[in-house]
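Asker: Got protein_38.tsv for you, TSV, C-alpha atoms:
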```tsv
chain	number	residue	atom	x	y	z
A	1	MET	CA	-208.03	-116.48	8.15
A	2	SER	CA	-210.36	-114.66	10.49
A	3	ASP	CA	-209.59	-111.47	12.34
A	4	TRP	CA	-209.75	-111.11	16.09
A	5	VAL	CA	-213.38	-110.90	17.20
A	6	ASP	CA	-214.58	-109.21	20.39
A	7	VAL	CA	-216.43	-111.71	22.56
A	8	VAL	CA	-217.21	-110.02	25.86
A	9	ASN	CA	-215.76	-107.53	28.35
A	10	ALA	CA	-213.24	-109.46	30.42
A	11	ASN	CA	-214.90	-108.36	33.67
A	12	SER	CA	-218.39	-109.35	32.47
A	13	LEU	CA	-217.91	-113.13	32.18
A	14	ALA	CA	-218.03	-114.60	35.68
A	15	GLU	CA	-215.71	-117.40	36.77
A	16	GLY	CA	-217.09	-120.82	35.85
A	17	LYS	CA	-219.31	-119.38	33.11
A	18	ASN	CA	-219.09	-119.38	29.32
A	19	ILE	CA	-220.43	-117.58	26.30
A	20	VAL	CA	-220.89	-118.97	22.78
A	21	ILE	CA	-220.23	-116.89	19.68
A	22	ASN	CA	-220.22	-117.70	15.99
A	23	ILE	CA	-217.18	-116.88	13.87
A	24	ASP	CA	-217.45	-117.61	10.15
A	25	GLY	CA	-220.02	-120.36	10.76
A	26	THR	CA	-218.19	-121.99	13.69
A	27	ASP	CA	-219.68	-121.89	17.19
A	28	ILE	CA	-216.94	-121.15	19.73
A	29	ALA	CA	-217.39	-121.42	23.49
A	30	VAL	CA	-215.31	-119.04	25.62
A	31	PHE	CA	-214.87	-120.07	29.26
A	32	ASN	CA	-213.65	-118.21	32.34
A	33	ILE	CA	-211.81	-120.64	34.62
A	34	GLU	CA	-210.36	-119.04	37.73
A	35	GLY	CA	-209.94	-115.72	35.92
A	36	ALA	CA	-208.26	-117.18	32.83
A	37	PHE	CA	-210.08	-117.42	29.50
A	38	TYR	CA	-210.11	-120.34	27.06
A	39	ALA	CA	-211.85	-120.95	23.73
A	40	ILE	CA	-212.90	-124.27	22.20
A	41	GLU	CA	-215.25	-125.28	19.43
A	42	ASP	CA	-218.76	-125.78	20.78
A	43	VAL	CA	-219.13	-129.30	19.44
A	44	CYS	CA	-218.71	-132.77	20.91
A	45	SER	CA	-216.48	-134.87	18.65
A	46	HIS	CA	-218.54	-137.93	19.59
A	47	ASP	CA	-221.82	-136.93	17.97
A	48	GLY	CA	-221.57	-133.30	16.81
A	49	ALA	CA	-223.87	-131.88	19.51
A	50	GLU	CA	-223.11	-128.63	21.32
A	51	ILE	CA	-221.06	-128.96	24.47
A	52	ALA	CA	-221.10	-125.56	26.20
A	53	SER	CA	-224.29	-126.32	28.15
A	54	GLY	CA	-222.59	-129.27	29.83
A	55	THR	CA	-221.26	-129.35	33.38
A	56	LEU	CA	-217.92	-127.68	34.04
A	57	GLU	CA	-215.73	-129.54	36.56
A	58	GLY	CA	-212.39	-127.83	37.08
A	59	ASP	CA	-210.97	-127.41	33.59
A	60	GLU	CA	-213.14	-130.13	32.03
A	61	ILE	CA	-216.49	-129.77	30.27
A	62	ILE	CA	-218.79	-132.79	30.37
A	63	CYS	CA	-220.96	-133.30	27.31
A	64	PRO	CA	-224.63	-133.02	28.28
A	65	ARG	CA	-225.66	-135.83	25.92
A	66	HIS	CA	-223.36	-138.79	26.56
A	67	GLY	CA	-220.86	-137.69	29.22
A	68	ALA	CA	-217.67	-137.38	27.17
A	69	ARG	CA	-215.15	-135.07	28.84
A	70	PHE	CA	-212.90	-132.49	27.21
A	71	CYS	CA	-210.20	-130.19	28.57
A	72	VAL	CA	-211.42	-126.62	28.12
A	73	LYS	CA	-207.81	-125.35	28.05
A	74	THR	CA	-206.71	-127.51	25.09
A	75	GLY	CA	-209.75	-129.24	23.58
A	76	ALA	CA	-208.18	-132.62	24.41
A	77	VAL	CA	-210.60	-135.50	24.91
A	78	LYS	CA	-210.42	-136.89	28.45
A	79	SER	CA	-212.94	-139.75	28.39
A	80	PRO	CA	-215.17	-141.80	26.07
A	81	PRO	CA	-217.46	-142.04	24.30
A	82	ALA	CA	-215.45	-139.35	22.44
A	83	TYR	CA	-212.02	-140.28	21.09
A	84	GLU	CA	-211.12	-137.18	19.05
A	85	ASN	CA	-210.06	-133.79	20.38
A	86	ILE	CA	-212.04	-130.67	19.60
A	87	ALA	CA	-210.49	-127.48	18.24
A	88	SER	CA	-209.13	-124.85	20.60
A	89	PHE	CA	-208.62	-121.26	19.50
A	90	PRO	CA	-206.20	-118.43	20.27
A	91	LEU	CA	-207.57	-115.91	22.70
A	92	ARG	CA	-206.31	-112.59	24.03
A	93	ILE	CA	-207.42	-109.68	26.19
A	94	GLU	CA	-207.22	-106.38	24.32
A	95	ASN	CA	-208.41	-103.09	25.88
A	96	GLY	CA	-210.43	-105.03	28.46
A	97	LYS	CA	-212.18	-107.20	25.87
A	98	VAL	CA	-211.81	-110.93	25.41
A	99	GLN	CA	-211.00	-111.58	21.76
A	100	VAL	CA	-210.81	-114.86	19.85
A	101	ARG	CA	-210.00	-115.90	16.31
A	102	ASP	CA	-210.31	-119.02	14.22
A	103	ASN	CA	-206.78	-119.71	13.02
A	104	ARG	CA	-207.38	-123.16	11.53
A	105	TRP	CA	-207.18	-121.91	7.94
A	106	ASP	CA	-204.10	-119.68	8.29
```
Turn this file's structure into structure tokens for me.
Answerer:
Amino acid sequence: MSDWVDVVNANSLAEGKNIVINIDGTDIAVFNIEGAFYAIEDVCSHDGAEIASGTLEGDEIICPRHGARFCVKTGAVKSPPAYENIASFPLRIENGKVQVRDNRWD
């Protein structure tokens, strides 16, 4: 189990932008979508490449390599060539800081 990790000041990550952090060897992309924050693993389930540098359209991130789409809010796959979801992570705002944790091993 990992502890909550500070990512960024909530007012420092502009809408439509993201930041990638590493928690215990896992790259996690944190997105600001219309003032709400979401965290997903920074990996495309199609080929294992990073996904955070892709194009954000609404609440979907488009993989920069092959165009697979994922919901940033849930990690759900939305279009091929990917067929498996990617992990999403709990996130909270604490004392003005966006915090995330990897709860997959709890």
Asker: So, counting only C-alpha atoms, which residue among A:Asp106, A:Glu94, A:Asp42, A:Asp3 is closest to Asn18 of chain A?
Answerer: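 When distances to Asn18 of chain A are compared using only C-alpha atoms, the smallest one comes from A:Asp42.
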Asker: Taking 3 positions as the minimum chain separation for residues in the same chain, which residues sit within 12 Å of Gly48 of chain A when counting only C-alpha atoms? Answer as a list in words.
Answerer: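 Here the answer would be Asp27, Glu41, Asp42, Val43, Cys44, Ser45, Ile51, Cys63, Pro64, Arg65, His66, Ala68, Ala82, Glu84 and Ile86 of chain A.
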Asker: Would you mind exporting the chosen residues as a compact mmCIF listing (two decimals), in the frame of the given file, restricted to C-alpha atoms?
Answerer:
```txt
# COMPACT_ATOMS: atom_id res chain seq x y z
CA ASP A 27 -219.68 -121.89 17.19
CA GLU A 41 -215.25 -125.28 19.43
CA ASP A 42 -218.76 -125.78 20.78
CA VAL A 43 -219.13 -129.30 19.44
CA CYS A 44 -218.71 -132.77 20.91
CA SER A 45 -216.48 -134.87 18.65
CA ILE A 51 -221.06 -128.96 24.47
CA CYS A 63 -220.96 -133.30 27.31
CA PRO A 64 -224.63 -133.02 28.28
CA ARG A 65 -225.66 -135.83 25.92
CA HIS A 66 -223.36 -138.79 26.56
CA ALA A 68 -217.67 -137.38 27.17
CA ALA A 82 -215.45 -139.35 22.44
CA GLU A 84 -211.12 -137.18 19.05
CA ILE A 86 -212.04 -130.67 19.60
```
Asker: Which of these residues is nearest to Thr26 of chain A, using all atoms listed in the file: A:Asn103, A:Asn11, A:Ser79, A:Thr55?
Answerer: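 Using all atoms listed in the file, Thr26 of chain A sits closest to A:Asn103.
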Asker: Mind pulling up the distance from atom CA of Asn95 of chain A to atom CA of Cys71 of chain A?
Answerer: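 If I compute the distance from atom CA of Cys71 of chain A to atom CA of Asn95 of chain A, I get 27.3 Å.
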Asker: Can you tell me, as a PyMOL selection string, what residues are no more than 8 Å from Val100 of chain A when counting only C-alpha atoms, ignoring any on the same chain fewer than 4 positions away?
Answerer: chain A and resi 4-7+39+89-92
Asker: Let me see the file: selected residues, C-alpha atoms, as a PDB file, in the coordinates of the input.
Answerer:
```pdb
ATOM      1  CA  TRP A   4    -209.750-111.110  16.090  1.00  0.00           C
ATOM      2  CA  VAL A   5    -213.380-110.900  17.200  1.00  0.00           C
ATOM      3  CA  ASP A   6    -214.580-109.210  20.390  1.00  0.00           C
ATOM      4  CA  VAL A   7    -216.430-111.710  22.560  1.00  0.00           C
ATOM      5  CA  ALA A  39    -211.850-120.950  23.730  1.00  0.00           C
ATOM      6  CA  PHE A  89    -208.620-121.260  19.500  1.00  0.00           C
ATOM      7  CA  PRO A  90    -206.200-118.430  20.270  1.00  0.00           C
ATOM      8  CA  LEU A  91    -207.570-115.910  22.700  1.00  0.00           C
ATOM      9  CA  ARG A  92    -206.310-112.590  24.030  1.00  0.00           C
TER      10      ARG A  92
END
```
Asker: Report, in Å to a single decimal, how far apart atom CA of Tyr38 of chain A and atom CA of Arg101 of chain A are.
Answerer: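 The value is 11.6 Å.
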Asker: In Å to one decimal, how far is atom CA of Gly54 of chain A from atom CA of Lys78 of chain A?
Answerer: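 Atom CA of Lys78 of chain A sits 14.4 Å away from atom CA of Gly54 of chain A.
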Asker: Determine the nearest neighbour of Gly67 of chain A from the options A:His46, A:Glu15, A:Ala87, A:Ala29, counting only C-alpha atoms.
Answerer: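 For Gly67 of chain A, the nearest of the given residues is A:His46.
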Asker: List as a ChimeraX atom specification the residues having at least one atom at most 6 Å from position (-217.0, -130.7, 27.7) as given in the file, counting all atoms listed in the file.
Answerer: /A:51,60-63,69-70
Asker: Around all of segment 86-103 of chain A's listed atoms, make the axis-aligned box with 3 Å on each side and tell me centre and edge lengths in Å to one decimal, as JSON.
Answerer:
```
{"center_x": -209.2, "center_y": -116.9, "center_z": 20.7, "size_x": 12.0, "size_y": 33.6, "size_z": 21.4}
```
